[in-house]
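Visitor: Structure supplied as data-v1.cif; contents: mmCIF, C-alpha atoms.
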```
data_my_file
loop_
_atom_site.label_atom_id
_atom_site.label_comp_id
_atom_site.auth_asym_id
_atom_site.auth_seq_id
_atom_site.Cartn_x
_atom_site.Cartn_y
_atom_site.Cartn_z
CA MET A 160 56.46 185.95 65.72
CA ALA A 161 59.60 184.41 64.26
CA SER A 162 59.39 186.45 61.07
CA GLU A 163 58.99 189.68 63.03
CA LYS A 164 61.90 188.76 65.35
CA GLU A 165 59.99 189.80 68.45
CA ARG A 166 61.37 189.35 71.95
CA ALA A 167 59.58 188.18 75.07
CA CYS A 168 60.63 188.71 78.70
CA VAL A 169 59.71 185.97 81.18
CA THR A 170 59.96 187.03 84.82
CA GLY A 171 60.48 184.39 87.51
CA ALA A 172 62.09 182.13 84.90
CA GLY A 173 63.70 179.91 87.53
CA GLY A 174 60.25 178.83 88.76
CA PHE A 175 58.20 175.75 87.96
CA ILE A 176 55.75 177.26 85.44
CA ALA A 177 58.01 179.96 84.00
CA SER A 178 60.80 177.49 83.24
CA TRP A 179 58.40 175.68 80.90
CA VAL A 180 57.28 178.97 79.34
CA VAL A 181 60.91 179.73 78.49
CA LYS A 182 61.32 176.24 77.05
CA PHE A 183 58.26 176.66 74.83
CA PHE A 184 59.11 180.17 73.70
CA SER A 185 62.70 179.38 72.64
CA PRO A 186 66.18 180.30 73.92
CA LYS A 187 65.70 183.84 72.62
CA ALA A 188 63.52 184.85 75.56
CA ASN A 189 65.11 187.11 78.18
CA SER A 190 64.48 186.23 81.82
CA SER A 191 64.66 187.53 85.37
CA MET A 192 64.81 185.51 88.61
CA GLU A 193 62.63 188.02 90.54
CA GLN A 194 59.86 186.29 92.74
CA TRP A 195 57.43 188.11 95.07
CA LYS A 196 56.20 186.38 98.22
CA LEU A 197 54.43 188.88 100.47
CA VAL A 198 51.17 190.66 99.68
CA GLU A 199 52.68 194.14 99.53
CA LEU A 200 55.64 192.97 97.46
CA ALA A 201 53.36 191.02 95.12
CA VAL A 202 51.35 194.13 94.29
CA LYS A 203 54.32 196.50 94.13
CA GLY A 204 56.41 194.08 92.12
CA THR A 205 53.63 193.46 89.60
CA LEU A 206 52.86 197.15 89.18
CA ASN A 207 56.56 197.98 88.80
CA VAL A 208 56.81 195.51 85.91
CA LEU A 209 53.65 196.92 84.32
CA ARG A 210 54.97 200.49 84.53
CA VAL A 211 58.18 199.46 82.76
CA CYS A 212 56.12 197.63 80.14
CA LEU A 213 54.02 200.75 79.56
CA GLU A 214 57.09 202.98 79.28
CA THR A 215 58.81 200.64 76.83
CA LYS A 216 55.64 200.18 74.73
CA VAL A 217 55.31 196.44 75.32
CA LYS A 218 52.45 195.05 73.22
CA ARG A 219 50.96 192.71 75.81
CA VAL A 220 51.61 191.51 79.37
CA VAL A 221 50.47 188.01 80.37
CA LEU A 222 50.33 187.58 84.14
CA THR A 223 50.40 184.23 85.93
CA SER A 224 47.86 184.54 88.73
CA SER A 225 46.17 181.60 90.48
CA ALA A 226 42.85 179.87 90.96
CA ALA A 227 43.35 181.05 94.55
CA ALA A 228 42.22 184.46 93.25
CA VAL A 229 38.94 182.97 91.96
CA GLY A 230 37.52 181.11 94.97
CA ASN A 231 34.69 182.47 97.10
CA PRO A 232 33.47 180.66 100.25
CA ASN A 233 30.10 182.45 100.04
CA ARG A 234 29.30 181.21 96.53
CA PRO A 235 26.06 179.28 95.86
CA LYS A 236 26.93 175.58 96.19
CA ASP A 237 25.73 174.72 92.71
CA ARG A 238 27.60 177.55 90.99
CA VAL A 239 30.54 176.79 88.72
CA MET A 240 33.20 179.48 89.19
CA ASP A 241 34.22 181.43 86.10
CA GLU A 242 36.35 184.50 85.32
CA THR A 243 33.80 186.86 86.87
CA CYS A 244 34.49 185.34 90.30
CA TRP A 245 37.07 186.80 92.70
CA SER A 246 38.30 185.67 96.08
CA ASP A 247 36.93 187.71 98.98
CA LYS A 248 39.82 189.85 100.21
CA GLU A 249 38.34 190.41 103.65
CA HIS A 250 37.79 186.68 104.11
CA CYS A 251 41.41 186.07 103.08
CA ARG A 252 42.60 188.57 105.69
CA ALA A 253 40.34 187.15 108.39
CA THR A 254 41.60 183.60 107.75
CA GLU A 255 45.19 184.78 107.18
CA ASN A 256 45.22 183.23 103.73
CA TRP A 257 48.03 185.46 102.56
CA TYR A 258 48.74 183.47 99.38
CA SER A 259 45.18 183.91 98.09
CA LEU A 260 45.19 187.54 99.14
CA SER A 261 48.48 188.27 97.40
CA LYS A 262 47.29 186.64 94.16
CA THR A 263 43.93 188.40 94.30
CA GLU A 264 45.43 191.81 95.03
CA ALA A 265 48.17 191.52 92.42
CA GLU A 266 45.89 190.30 89.64
CA SER A 267 43.08 192.76 90.29
CA LYS A 268 45.51 195.69 90.49
CA ALA A 269 47.22 194.56 87.28
CA LEU A 270 43.97 194.37 85.33
CA GLU A 271 42.85 197.73 86.74
CA TYR A 272 46.19 199.25 85.72
CA GLY A 273 45.74 197.91 82.20
CA LYS A 274 42.27 199.42 81.88
CA ARG A 275 43.45 202.75 83.28
CA THR A 276 46.54 203.11 81.10
CA GLY A 277 45.58 201.21 77.96
CA LEU A 278 48.27 198.56 78.53
CA ASP A 279 47.08 195.19 77.21
CA VAL A 280 47.08 192.92 80.31
CA VAL A 281 45.87 189.30 80.27
CA SER A 282 45.92 186.96 83.29
CA ILE A 283 46.00 183.16 83.59
CA CYS A 284 44.66 181.48 86.75
CA PRO A 285 45.86 177.86 87.24
CA PRO A 286 45.01 175.66 90.25
CA LEU A 287 47.33 172.95 91.66
CA THR A 288 50.01 172.62 88.99
CA LEU A 289 51.81 169.30 88.53
CA GLY A 290 54.11 167.83 85.91
CA PRO A 291 57.80 167.16 85.27
CA LEU A 292 60.40 169.42 86.87
CA LEU A 293 62.92 171.41 84.85
CA GLN A 294 64.54 173.06 87.87
CA SER A 295 66.64 171.24 90.47
CA THR A 296 64.43 171.94 93.51
CA VAL A 297 60.91 170.80 94.41
CA ASN A 298 58.37 173.60 94.27
CA ALA A 299 55.40 173.84 96.65
CA SER A 300 52.76 172.36 94.31
CA SER A 301 54.93 169.38 93.35
CA LEU A 302 55.62 168.75 97.03
CA ILE A 303 51.90 168.06 97.54
CA LEU A 304 52.14 165.09 95.17
CA VAL A 305 55.52 163.99 96.58
CA ASN A 306 54.04 163.90 100.09
CA LEU A 307 51.08 161.78 98.92
CA LEU A 308 53.59 159.25 97.61
CA LYS A 309 55.99 159.01 100.53
CA GLU A 310 54.67 160.46 103.82
CA GLY A 311 52.25 157.66 104.77
CA TYR A 312 49.72 159.97 106.41
CA GLU A 313 47.42 158.25 108.92
CA SER A 314 44.45 160.25 107.64
CA LEU A 315 43.71 163.04 105.17
CA GLU A 316 40.59 165.04 104.41
CA ASN A 317 39.10 163.87 101.11
CA LYS A 318 39.16 167.31 99.49
CA LEU A 319 38.42 168.00 95.85
CA ARG A 320 41.61 168.79 93.96
CA ARG A 321 41.69 170.95 90.82
CA ILE A 322 44.76 169.99 88.75
CA VAL A 323 46.52 171.19 85.62
CA ASP A 324 49.77 170.13 83.94
CA VAL A 325 52.59 172.69 84.10
CA ARG A 326 53.17 172.24 80.35
CA ASP A 327 49.52 173.04 79.68
CA VAL A 328 49.80 176.18 81.82
CA ALA A 329 52.89 177.25 79.91
CA GLU A 330 51.07 176.67 76.63
CA ALA A 331 48.12 178.71 77.91
CA LEU A 332 50.46 181.59 78.74
CA VAL A 333 52.02 181.47 75.27
CA LEU A 334 48.57 181.22 73.68
CA ALA A 335 47.34 184.25 75.63
CA TYR A 336 50.43 186.14 74.48
CA GLU A 337 50.12 185.23 70.81
CA LYS A 338 46.34 185.32 70.21
CA PRO A 339 45.24 188.89 69.34
CA GLU A 340 41.71 188.20 70.61
CA ALA A 341 42.87 187.19 74.10
CA GLU A 342 41.56 189.53 76.80
CA GLY A 343 40.98 189.72 80.55
CA ARG A 344 41.18 186.67 82.80
CA TYR A 345 41.39 182.98 81.95
CA ILE A 346 40.92 180.06 84.34
CA CYS A 347 43.37 177.29 83.40
CA MET A 348 42.04 174.08 84.98
CA ALA A 349 42.08 170.59 83.45
CA HIS A 350 40.94 167.99 86.01
CA MET A 351 38.88 167.80 89.20
CA ILE A 352 39.42 164.75 91.42
CA THR A 353 39.15 163.94 95.12
CA ARG A 354 42.27 163.08 97.09
CA ARG A 355 41.05 159.50 97.59
CA ASN A 356 40.47 158.98 93.87
CA LEU A 357 43.80 160.60 93.09
CA VAL A 358 45.59 158.20 95.42
CA ASP A 359 43.67 155.24 93.97
CA HIS A 360 44.76 156.33 90.50
CA LEU A 361 48.39 156.61 91.61
CA LYS A 362 48.23 153.19 93.31
CA SER A 363 47.06 151.57 90.08
CA ILE A 364 50.22 152.81 88.35
CA TYR A 365 52.71 152.87 91.24
CA PRO A 366 51.49 150.40 93.92
CA ASN A 367 54.57 150.41 96.16
CA TYR A 368 54.69 153.92 97.61
CA ASN A 369 53.77 154.98 101.14
CA TYR A 370 50.28 156.34 100.52
CA PRO A 371 47.82 157.81 103.07
CA LYS A 372 46.15 155.09 105.12
CA SER A 373 42.65 156.56 105.29
CA PHE A 374 40.51 159.56 104.35
CA THR A 375 37.84 161.54 106.16
CA GLU A 376 34.98 163.15 104.29
CA GLY A 377 35.79 166.65 103.05
CA GLY A 378 33.89 169.59 101.63
CA GLU A 379 32.67 169.65 98.06
CA GLY A 380 35.22 172.24 96.96
CA GLU A 381 34.83 174.88 94.28
CA ARG A 382 34.17 173.83 90.72
CA LEU A 383 35.91 175.87 88.05
CA SER A 384 35.30 176.29 84.33
CA SER A 385 38.03 176.70 81.70
CA GLU A 386 35.56 177.15 78.85
CA LYS A 387 36.79 180.65 78.04
CA LEU A 388 40.38 179.45 77.64
CA GLN A 389 39.28 176.46 75.58
CA ARG A 390 37.43 178.79 73.22
CA LEU A 391 40.79 180.47 72.68
CA GLY A 392 42.16 177.13 71.45
CA TRP A 393 43.60 175.66 74.66
CA THR A 394 43.71 171.89 75.19
CA PHE A 395 45.11 169.82 78.04
CA ARG A 396 46.81 166.49 78.68
CA PRO A 397 45.16 163.43 80.27
CA LEU A 398 45.62 163.25 84.04
CA GLU A 399 47.46 159.93 83.76
CA GLU A 400 50.12 161.51 81.55
CA THR A 401 50.62 164.31 84.06
CA LEU A 402 50.93 161.89 86.99
CA ILE A 403 53.32 159.51 85.24
CA ASP A 404 55.56 162.30 83.94
CA SER A 405 55.58 163.91 87.39
CA VAL A 406 56.53 160.73 89.26
CA GLU A 407 59.16 159.73 86.71
CA SER A 408 60.64 163.23 87.00
CA TYR A 409 60.79 162.92 90.80
CA LYS A 410 62.40 159.47 90.53
CA LYS A 411 65.02 160.79 88.12
CA ALA A 412 65.82 163.68 90.47
CA GLY A 413 66.13 161.35 93.47
CA ILE A 414 63.26 163.10 95.25
CA LEU A 415 61.41 159.88 96.15
CA ASN A 416 64.43 158.07 97.60
#
```
Show me this structure written as structure tokens.

Guide:
Amino acid sequence: MASEKERACVTGAGGFIASWVVKFFSPKANSSMEQWKLVELAVKGTLNVLRVCLETKVKRVVLTSSAAAVGNPNRPKDRVMDETCWSDKEHCRATENWYSLSKTEAESKALEYGKRTGLDVVSICPPLTLGPLLQSTVNASSLILVNLLKEGYESLENKLRRIVDVRDVAEALVLAYEKPEAEGRYICMAHMITRRNLVDHLKSIYPNYNYPKSFTEGGEGERLSSEKLQRLGWTFRPLEETLIDSVESYKKAGILN
């Protein structure tokens, strides 16, 4: 890439994941602060970017989607979810899960657009994304960990959490951009752990925070596979490194005061 002096555009560069993508790419990357929140805007915004990419002969588009576009409540209980799995749009509408619906609609439309036009579109689907902050505000996924540390909940459901480090997501996005053989969707998940075990792990490192007092039994949760991405050459950090770097980042920013 460096010898060819190519340029990359990172949209949403003020966000949690994209800020790390910019950091990994280099200061040469151009960026835009555009972020889409509603279902209609998510689809229209994504397709607008793809149309511009097609017109300007961009070589490849790598889209950050979400594991929320992979889940399916009607799956067989013993099935591990892979890239062939999509969230049920009608179920998302019925339960008013607009985030999952927006991610599912935007990603599916983007991949369909790529097949229809010949534009090379690759998507990355991360679950709960943690890690150190580069921006000055707390994003929604980091707030989940912050609240576990300081809110002192009386009780929480012991749900299964799928976790990945923001730096590993950024590296996956760069990998998908640079590897010629990359194609289609990629689940980007590193660790699966229950809330109770996550809190126990945090307590062993940081014993003095205001953790949840108890847990009720939760559902099994969906199990995801990142084998396809790992075959592309992706690796991920240990969970302990992610947790320590996250908490130290929050402490430095004064978030846990």

Visitor: For each of A:Arg382, A:Lys203, A:His360, A:Lys387, take the minimum atom-to-atom distance to Ile346 (chain A), counting all atoms listed in the file, then give the residue where this is smallest.

Guide: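 Checking each of A:Arg382, A:Lys203, A:His360, A:Lys387 against Ile346 (chain A), counting all atoms listed in the file, the winner is A:Lys387.
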
Visitor: In Å, with one decimal, what is the gap from CA of Glu340 (chain A) to CA of Leu222 (chain A)?

Guide: 16.1 Å

Visitor: From the list A:Glu313, A:Glu330, A:His350, A:Gln389, which residue is nearest Ser373 (chain A) when using all atoms listed in the file?

Guide: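 Checking each candidate against Ser373 (chain A), we get A:Glu313 as the closest.
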
Visitor: Which polymer residues, whether protein, DNA or RNA, lie within 12 Å of the coordinate (39.6, 194.6, 93.5) when you count all atoms listed in the file? List them as a list in words, using the chain letters and numbers from the file.

Guide: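 The residues that fall inside the cut-off are Val202, Ala228, Val229, Thr243, Cys244, Trp245, Ser246, Asp247, Lys248, Glu249, Leu260, Ser261, Lys262, Thr263, Glu264, Ala265, Glu266, Ser267, Lys268, Ala269, Leu270, Glu271 and Tyr272 of chain A.
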
Visitor: The selected residues should be written to file as an mmCIF file, in the coordinates of the input (atoms: C-alpha atoms).

Guide:
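Result saved to selection.cif:
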```cif
data_model
loop_
_atom_site.group_PDB
_atom_site.id
_atom_site.type_symbol
_atom_site.label_atom_id
_atom_site.label_comp_id
_atom_site.auth_asym_id
_atom_site.auth_seq_id
_atom_site.Cartn_x
_atom_site.Cartn_y
_atom_site.Cartn_z
ATOM 1 C CA VAL A 202 51.350 194.130 94.290
ATOM 2 C CA ALA A 228 42.220 184.460 93.250
ATOM 3 C CA VAL A 229 38.940 182.970 91.960
ATOM 4 C CA THR A 243 33.800 186.860 86.870
ATOM 5 C CA CYS A 244 34.490 185.340 90.300
ATOM 6 C CA TRP A 245 37.070 186.800 92.700
ATOM 7 C CA SER A 246 38.300 185.670 96.080
ATOM 8 C CA ASP A 247 36.930 187.710 98.980
ATOM 9 C CA LYS A 248 39.820 189.850 100.210
ATOM 10 C CA GLU A 249 38.340 190.410 103.650
ATOM 11 C CA LEU A 260 45.190 187.540 99.140
ATOM 12 C CA SER A 261 48.480 188.270 97.400
ATOM 13 C CA LYS A 262 47.290 186.640 94.160
ATOM 14 C CA THR A 263 43.930 188.400 94.300
ATOM 15 C CA GLU A 264 45.430 191.810 95.030
ATOM 16 C CA ALA A 265 48.170 191.520 92.420
ATOM 17 C CA GLU A 266 45.890 190.300 89.640
ATOM 18 C CA SER A 267 43.080 192.760 90.290
ATOM 19 C CA LYS A 268 45.510 195.690 90.490
ATOM 20 C CA ALA A 269 47.220 194.560 87.280
ATOM 21 C CA LEU A 270 43.970 194.370 85.330
ATOM 22 C CA GLU A 271 42.850 197.730 86.740
ATOM 23 C CA TYR A 272 46.190 199.250 85.720
#
```

Visitor: So which one's closest to Thr394 (chain A), A:Leu278, A:Ala329, A:Leu361, A:Leu415? Using all atoms listed in the file, please.

Guide: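 Between A:Leu278, A:Ala329, A:Leu361, A:Leu415, the residue approaching Thr394 (chain A) most closely is A:Ala329.
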
Visitor: For Ala335 (chain A), which of A:Asn207, A:Ser282, A:Thr170, A:Thr254 is the closest residue, counting only C-alpha atoms?

Guide: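 Among the listed residues, the smallest separation from Ala335 (chain A) belongs to A:Ser282.
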
Visitor: Please indicate the distance in Å from CA of Gly377 (chain A) to CA of Leu287 (chain A), rounded to one decimal place.

Guide: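 So the answer is 17.4 Å.
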